[in-house]
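Engineer: Contents of protein-v7.txt (compact mmCIF, C-alpha atoms) are below:
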# COMPACT_ATOMS: atom_id res chain seq x y z
CA MET A 6 6.60 106.10 -164.28
CA ALA A 7 9.60 103.96 -165.23
CA PHE A 8 12.44 105.19 -167.42
CA ASN A 9 14.16 103.27 -170.20
CA VAL A 10 17.91 103.50 -169.71
CA LEU A 11 20.87 102.83 -172.01
CA ILE A 12 24.15 102.06 -170.22
CA VAL A 13 27.26 102.48 -172.40
CA ASP A 14 30.53 101.14 -171.01
CA ASP A 15 33.21 98.88 -172.48
CA SER A 16 33.34 96.89 -169.24
CA ALA A 17 30.59 94.30 -168.89
CA ALA A 18 31.30 94.24 -165.16
CA MET A 19 30.72 97.98 -164.89
CA ARG A 20 27.52 97.82 -166.96
CA SER A 21 26.23 95.11 -164.66
CA PHE A 22 27.25 97.13 -161.60
CA ILE A 23 25.50 100.29 -162.80
CA GLY A 24 22.33 98.35 -163.63
CA ARG A 25 22.31 96.81 -160.18
CA VAL A 26 22.99 100.15 -158.50
CA LEU A 27 20.03 101.67 -160.32
CA ASP A 28 17.86 98.85 -159.01
CA VAL A 29 18.96 99.13 -155.40
CA SER A 30 18.85 102.93 -155.44
CA GLY A 31 15.12 102.82 -156.05
CA PHE A 32 15.34 104.62 -159.38
CA PRO A 33 12.37 103.47 -161.50
CA VAL A 34 13.96 101.58 -164.40
CA GLY A 35 11.83 100.25 -167.24
CA GLU A 36 13.88 98.65 -169.98
CA CYS A 37 17.64 98.63 -169.35
CA LEU A 38 19.75 98.37 -172.52
CA GLU A 39 23.52 97.96 -172.68
CA ALA A 40 26.16 98.89 -175.26
CA ALA A 41 29.92 98.37 -175.16
CA ASP A 42 30.83 101.61 -176.98
CA GLY A 43 29.40 104.60 -178.79
CA GLU A 44 28.88 102.76 -182.06
CA GLU A 45 26.83 100.05 -180.39
CA ALA A 46 24.88 102.73 -178.57
CA LEU A 47 23.96 104.53 -181.80
CA ALA A 48 22.89 101.23 -183.37
CA LEU A 49 20.63 100.52 -180.39
CA LEU A 50 19.21 104.04 -180.44
CA ALA A 51 18.23 103.56 -184.07
CA GLU A 52 15.91 100.76 -182.95
CA HIS A 53 14.89 101.65 -179.39
CA TRP A 54 13.76 104.83 -177.69
CA VAL A 55 15.28 105.44 -174.27
CA ASP A 56 14.67 108.19 -171.74
CA ILE A 57 18.28 108.63 -170.68
CA VAL A 58 21.79 107.51 -171.71
CA LEU A 59 24.52 106.82 -169.15
CA THR A 60 27.90 106.64 -170.84
CA ASP A 61 31.52 106.11 -169.97
CA LEU A 62 34.07 108.33 -171.72
CA ASN A 63 37.07 106.17 -172.54
CA MET A 64 35.93 103.37 -174.81
CA PRO A 65 37.33 101.73 -177.94
CA ARG A 66 35.91 102.47 -181.43
CA MET A 67 33.70 105.40 -180.35
CA SER A 68 34.30 107.24 -177.08
CA GLY A 69 31.68 108.82 -174.88
CA GLU A 70 32.77 112.25 -176.06
CA GLN A 71 32.25 111.24 -179.69
CA LEU A 72 28.88 109.75 -178.77
CA VAL A 73 27.73 113.01 -177.18
CA ARG A 74 28.86 114.95 -180.27
CA ARG A 75 26.98 112.54 -182.56
CA LEU A 76 23.79 112.73 -180.50
CA GLU A 77 23.96 116.53 -180.45
CA GLN A 78 24.09 116.55 -184.26
CA ASP A 79 20.92 114.47 -184.56
CA GLU A 80 17.62 116.38 -184.58
CA LEU A 81 15.75 113.61 -182.79
CA LEU A 82 18.38 111.99 -180.58
CA ARG A 83 19.67 115.28 -179.18
CA SER A 84 16.58 115.40 -176.96
CA ILE A 85 17.73 112.31 -175.04
CA PRO A 86 19.63 113.47 -171.96
CA VAL A 87 23.12 112.05 -171.54
CA VAL A 88 24.81 111.58 -168.18
CA ILE A 89 28.55 110.87 -168.19
CA VAL A 90 29.62 108.14 -165.75
CA SER A 91 33.40 108.16 -165.79
CA THR A 92 36.55 107.72 -163.77
CA ASP A 93 37.75 110.96 -165.35
CA ARG A 94 36.96 113.48 -162.63
CA THR A 95 39.09 116.49 -163.49
CA ASP A 96 37.18 119.78 -163.39
CA SER A 97 38.31 120.55 -166.93
CA ARG A 98 36.81 117.36 -168.31
CA VAL A 99 33.51 117.86 -166.49
CA ARG A 100 33.19 121.41 -167.86
CA GLN A 101 34.13 120.22 -171.34
CA MET A 102 31.50 117.48 -171.44
CA LEU A 103 28.73 119.71 -170.06
CA ALA A 104 29.62 122.32 -172.68
CA LEU A 105 29.36 119.67 -175.40
CA GLY A 106 25.82 118.82 -174.39
CA ALA A 107 25.99 116.25 -171.60
CA ARG A 108 23.30 117.01 -169.03
CA GLY A 109 24.95 115.41 -166.01
CA TYR A 110 28.24 113.98 -164.80
CA VAL A 111 28.84 111.29 -162.18
CA THR A 112 32.36 110.24 -161.31
CA LYS A 113 33.31 106.69 -160.48
CA PRO A 114 33.41 105.68 -157.68
CA PHE A 115 29.88 106.72 -156.78
CA LEU A 116 27.24 105.86 -154.21
CA PRO A 117 23.83 104.56 -155.38
CA GLU A 118 22.07 107.66 -154.07
CA THR A 119 24.49 109.92 -155.95
CA LEU A 120 23.59 108.27 -159.23
CA ARG A 121 19.88 108.30 -158.46
CA ARG A 122 19.94 112.01 -157.50
CA GLU A 123 21.78 112.94 -160.69
CA LEU A 124 19.32 111.04 -162.86
CA GLU A 125 16.34 112.52 -161.05
CA GLN A 126 17.74 116.02 -161.44
CA VAL A 127 18.46 115.54 -165.15
CA LEU A 128 15.03 114.04 -165.78
CA GLY A 129 13.28 116.58 -163.60
CA VAL A 130 11.63 114.02 -161.34
CA THR A 131 11.36 113.93 -157.57
CA SER A 132 11.64 110.83 -155.44
CA MET B 30 54.50 117.56 -155.59
CA ARG B 31 56.71 115.93 -153.00
CA ALA B 32 56.66 112.16 -152.56
CA PRO B 33 54.90 112.14 -149.14
CA ASP B 34 51.96 114.06 -150.61
CA LEU B 35 51.63 111.59 -153.45
CA ASP B 36 51.72 108.68 -150.98
CA ARG B 37 48.84 110.27 -149.04
CA LEU B 38 46.93 110.89 -152.21
CA VAL B 39 47.33 107.24 -153.27
CA LEU B 40 45.98 106.12 -149.89
CA ASP B 41 43.01 108.51 -150.13
CA ALA B 42 42.21 107.30 -153.66
CA ALA B 43 42.42 103.61 -152.68
CA GLU B 44 40.22 104.16 -149.61
CA GLU B 45 37.60 106.08 -151.58
CA VAL B 46 37.31 103.48 -154.35
CA LEU B 47 37.34 100.43 -152.06
CA GLU B 48 34.81 101.84 -149.61
CA THR B 49 32.43 103.22 -152.22
CA MET B 50 32.35 100.43 -154.79
CA PHE B 51 33.75 97.28 -153.16
CA PHE B 52 32.54 97.24 -149.53
CA ALA B 53 36.20 96.98 -148.49
CA THR B 54 38.58 99.26 -146.66
CA VAL B 55 42.27 99.90 -146.11
CA MET B 56 43.22 98.47 -142.72
CA GLY B 57 46.80 99.77 -142.83
CA ASN B 58 50.04 99.47 -144.70
CA ALA B 59 51.25 96.03 -145.84
CA ALA B 60 54.83 94.89 -145.61
CA ALA B 61 55.07 93.86 -149.25
CA ALA B 62 53.17 94.19 -152.52
CA PRO B 63 51.18 91.19 -153.81
CA ALA B 64 53.28 88.82 -155.87
CA GLY B 65 53.30 85.21 -156.89
CA GLU B 66 50.95 82.75 -158.52
CA GLY B 67 47.33 83.87 -158.72
CA SER B 68 48.03 87.52 -158.00
CA LEU B 69 46.52 89.91 -160.51
CA ALA B 70 47.78 93.26 -161.70
CA ALA B 71 46.35 95.82 -164.12
CA ARG B 72 48.06 98.91 -165.49
CA VAL B 73 46.15 101.98 -166.67
CA PRO B 74 48.27 104.29 -168.84
CA PHE B 75 47.18 107.92 -169.10
CA ARG B 76 48.23 110.75 -171.35
CA GLY B 77 47.67 114.48 -171.58
CA ARG B 78 49.78 117.40 -170.35
CA ARG B 79 51.31 114.79 -168.05
CA SER B 80 51.54 111.13 -168.93
CA GLY B 81 52.24 107.99 -166.96
CA ALA B 82 50.40 104.99 -165.60
CA VAL B 83 48.84 103.56 -162.46
CA THR B 84 49.33 99.87 -161.70
CA VAL B 85 47.18 98.07 -159.15
CA ALA B 86 48.13 94.59 -157.95
CA VAL B 87 46.00 92.34 -155.76
CA CYS B 88 46.71 88.99 -154.09
CA PRO B 89 44.47 86.03 -155.15
CA GLU B 90 42.28 86.02 -152.02
CA ALA B 91 41.60 89.73 -152.21
CA ALA B 92 40.99 89.57 -155.97
CA ARG B 93 38.24 86.97 -155.52
CA GLY B 94 36.65 88.91 -152.69
CA LEU B 95 36.72 92.23 -154.53
CA ALA B 96 35.28 90.70 -157.71
CA ALA B 97 32.53 88.96 -155.74
CA ALA B 98 31.59 92.21 -154.00
CA PHE B 99 31.58 94.22 -157.21
CA LEU B 100 29.57 91.68 -159.20
CA ALA B 101 27.28 90.61 -156.34
CA LEU B 102 28.38 86.98 -156.70
CA ASP B 103 29.48 84.35 -154.23
CA GLU B 104 33.25 83.97 -154.20
CA ASP B 105 33.01 80.45 -155.63
CA GLU B 106 31.11 81.85 -158.62
CA VAL B 107 33.93 84.27 -159.52
CA SER B 108 35.87 83.15 -162.60
CA GLY B 109 39.38 84.22 -163.54
CA GLU B 110 37.90 86.41 -166.26
CA HIS B 111 35.57 88.09 -163.75
CA ALA B 112 38.49 88.80 -161.43
CA ARG B 113 40.70 90.18 -164.23
CA GLU B 114 37.97 92.50 -165.48
CA VAL B 115 37.10 93.78 -162.02
CA ILE B 116 40.75 94.41 -161.11
CA GLY B 117 41.01 96.37 -164.36
CA GLU B 118 38.04 98.51 -163.31
CA LEU B 119 39.52 98.93 -159.83
CA ALA B 120 42.78 100.17 -161.38
CA ASN B 121 40.83 102.46 -163.70
CA MET B 122 38.94 104.07 -160.81
CA ILE B 123 42.00 104.44 -158.59
CA CYS B 124 43.87 106.04 -161.51
CA GLY B 125 41.02 108.50 -162.12
CA SER B 126 40.80 109.33 -158.42
CA ILE B 127 44.56 109.98 -158.19
CA LEU B 128 44.63 112.21 -161.29
CA GLY B 129 41.55 114.15 -160.18
CA ARG B 130 43.27 114.94 -156.89
CA LEU B 131 46.71 115.56 -158.38
CA HIS B 132 45.74 117.71 -161.37
CA PRO B 133 42.06 118.74 -161.24
CA ASP B 134 42.78 121.45 -163.81
CA LEU B 135 44.07 119.14 -166.54
CA ILE B 136 42.33 116.84 -169.02
CA PHE B 137 43.69 113.30 -169.30
CA GLU B 138 42.91 110.38 -171.51
CA LEU B 139 42.86 107.15 -169.54
CA LEU B 140 43.64 104.15 -171.72
CA HIS B 141 42.12 100.70 -171.36
CA PRO B 142 43.42 98.70 -168.36
CA GLU B 143 46.01 96.15 -169.43
CA PRO B 144 47.00 93.04 -167.45
CA VAL B 145 50.65 93.14 -166.44
CA ALA B 146 53.16 90.74 -164.95
CA PHE B 147 55.16 91.42 -161.82
CA PRO B 148 57.22 93.15 -160.55
CA ALA B 149 54.89 96.15 -160.37
CA SER B 150 57.56 98.68 -159.57
CA PRO B 151 58.68 99.90 -162.98
CA ALA B 152 61.22 102.57 -163.75
CA GLY B 153 59.83 106.04 -163.21
CA THR B 154 57.69 105.00 -160.23
CA ALA B 155 56.82 108.11 -158.21
CA ALA B 156 54.91 106.24 -155.52
CA HIS B 157 54.42 102.58 -154.65
CA LYS B 158 52.23 101.72 -151.69
CA ALA B 159 51.03 98.35 -150.42
CA PHE B 160 47.92 98.11 -148.25
CA ASP B 161 46.34 95.49 -146.02
CA ILE B 162 42.67 95.35 -147.06
CA GLY B 163 41.60 92.65 -144.66
CA ALA B 164 41.14 89.83 -147.17
CA GLY B 165 44.70 90.27 -148.43
CA THR B 166 46.97 92.89 -149.89
CA LEU B 167 46.63 95.48 -152.63
CA SER B 168 49.36 97.70 -154.03
CA VAL B 169 49.28 100.86 -156.10
CA ALA B 170 52.23 102.08 -158.16
CA VAL B 171 52.17 105.48 -159.86
CA GLU B 172 54.46 106.26 -162.80
CA LEU B 173 54.74 109.91 -163.79
CA GLN B 174 56.51 111.35 -166.78
CA SER B 175 56.78 115.06 -167.46
Rewrite the structure from the file as structure tokens, please.
Structural biologist:
Amino acid sequence: MAFNVLIVDDSAAMRSFIGRVLDVSGFPVGECLEAADGEEALALLAEHWVDIVLTDLNMPRMSGEQLVRRLEQDELLRSIPVVIVSTDRTDSRVRQMLALGARGYVTKPFLPETLRRELEQVLGVTS
Amino acid sequence: MRAPDLDRLVLDAAEEVLETMFFATVMGNAAAAPAGEGSLAARVPFRGRRSGAVTVAVCPEAARGLAAAFLALDEDEVSGEHAREVIGELANMICGSILGRLHPDLIFELLHPEPVAFPASPAGTAAHKAFDIGAGTLSVAVELQS
């Protein structure tokens, strides 16, 4: 089974990096969508169903925190698991985002296997 | 925190980010920070209970190599825009790594990386380290306000 993934990050370089890391990690990716901020992500989610959202926190227009809050308020979209992928690695921030509804948290920098393990755990799949 | 501890923390953060995401490593200290034509620098301001900024500067050779490694491109395919964006991400990750080690109990907002001109040793600098990363030099300056 392959999973449709939405990568949300204001850096095109980072989106490309994460997509490549998913490939090399062996994680089964179906369709891989990209958005530059939370607003773009919501617009994409209105048109496409994805299995998991990977989002940065600090982005212009709509941050990752705002995106998680918006998804949690939506009856349908709240079922899509969100994994935060951020440079912000303070314990307080991790606890805050998990309490808001994020299902996983990966800090940059990360190894490919770290990202794959987190996604597998969140999605309940075994490699 | 005393200055020597912050210096160590900057080294640990630079090593972690370079080795994990850029297939590069810190070989040792460098005599001087990158400067001059073609060098790139990005500054990541942060705010919260403590505010400040982290500035990362890279010499032209190292900037091309780091961007190529991050983007999986050949060095001759790396544009100036590629290099600027990747150095911004590098600064962002080093900033996050430093803050996570320095104040794991606090929440910070990291602002978007901004390109800056030299010199990269602004007033209020709490640490400024230059490293030999094999392909050239990289420096990290940490500004801390209260």
Engineer: Between B:Met122, B:Ala43, B:Val73, B:Leu35, which residue has the minimum interatomic distance to chain A, considering all atoms listed in the file?
Structural biologist: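 Under the stated criterion, the closest residue is B:Met122.
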Engineer: Taking all atoms listed in the file into account and nothing else, which residues of chain B lie no more than 6 Å away from chain A? Please answer as a PyMOL selection string.
Structural biologist: chain B and resi 46+122+125+129+133-136
Engineer: Could you check how far atom CA of B:Leu140 sits from atom CA of B:Ser108, in Å to one decimal?
Structural biologist: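 Computing the Euclidean distance for atom CA of B:Leu140 and atom CA of B:Ser108 yields 24.2 Å.
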Engineer: Calculate how many Å separate atom CA of A:Gly31 from atom CA of A:Leu76, rounding to one decimal.
Structural biologist: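 Computing it gives 27.8 Å between the two atoms.
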Engineer: Identify the residues within 10 Å of coordinate (30.5, 100.3, -176.1) (same frame as the file), considering only C-alpha atoms, and give the answer as a compact mmCIF listing (two decimals) with C-alpha atoms, keeping the file's coordinate frame.
Structural biologist:
# COMPACT_ATOMS: atom_id res chain seq x y z
CA ILE A 12 24.15 102.06 -170.22
CA VAL A 13 27.26 102.48 -172.40
CA ASP A 14 30.53 101.14 -171.01
CA ASP A 15 33.21 98.88 -172.48
CA SER A 16 33.34 96.89 -169.24
CA ALA A 17 30.59 94.30 -168.89
CA ARG A 20 27.52 97.82 -166.96
CA GLU A 39 23.52 97.96 -172.68
CA ALA A 40 26.16 98.89 -175.26
CA ALA A 41 29.92 98.37 -175.16
CA ASP A 42 30.83 101.61 -176.98
CA GLY A 43 29.40 104.60 -178.79
CA GLU A 44 28.88 102.76 -182.06
CA GLU A 45 26.83 100.05 -180.39
CA ALA A 46 24.88 102.73 -178.57
CA LEU A 47 23.96 104.53 -181.80
CA THR A 60 27.90 106.64 -170.84
CA ASP A 61 31.52 106.11 -169.97
CA LEU A 62 34.07 108.33 -171.72
CA ASN A 63 37.07 106.17 -172.54
CA MET A 64 35.93 103.37 -174.81
CA PRO A 65 37.33 101.73 -177.94
CA ARG A 66 35.91 102.47 -181.43
CA MET A 67 33.70 105.40 -180.35
CA SER A 68 34.30 107.24 -177.08
CA GLY A 69 31.68 108.82 -174.88
CA LEU A 72 28.88 109.75 -178.77
Engineer: Show me, as a list in words, the residues that have an atom within 9 Å of B:Asp36 when counting only C-alpha atoms, minus same-chain residues fewer than 6 positions from it.
Structural biologist: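 My reading of the contact set: Ala155, Ala156, His157 and Lys158 of chain B.
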Engineer: Could you give me, as a ChimeraX atom specification, the residues within 6 Å of A:Arg108, counting all atoms listed in the file and dropping anything in the same chain fewer than 4 positions from it?
Structural biologist: /A:86-88
Engineer: What does the structure give for the distance between atom CA of A:Leu124 and atom CA of A:Val34, in Å to one decimal?
Structural biologist: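 Computing it gives 11.0 Å between the two atoms.
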Engineer: Is it possible to get the residues within 9 Å of (16.6, 103.8, -167.8) (coordinates as in the file, counting all atoms listed in the file) written as a PyMOL selection string?
Structural biologist: chain A and resi 7-12+24+27+32-38+55-59
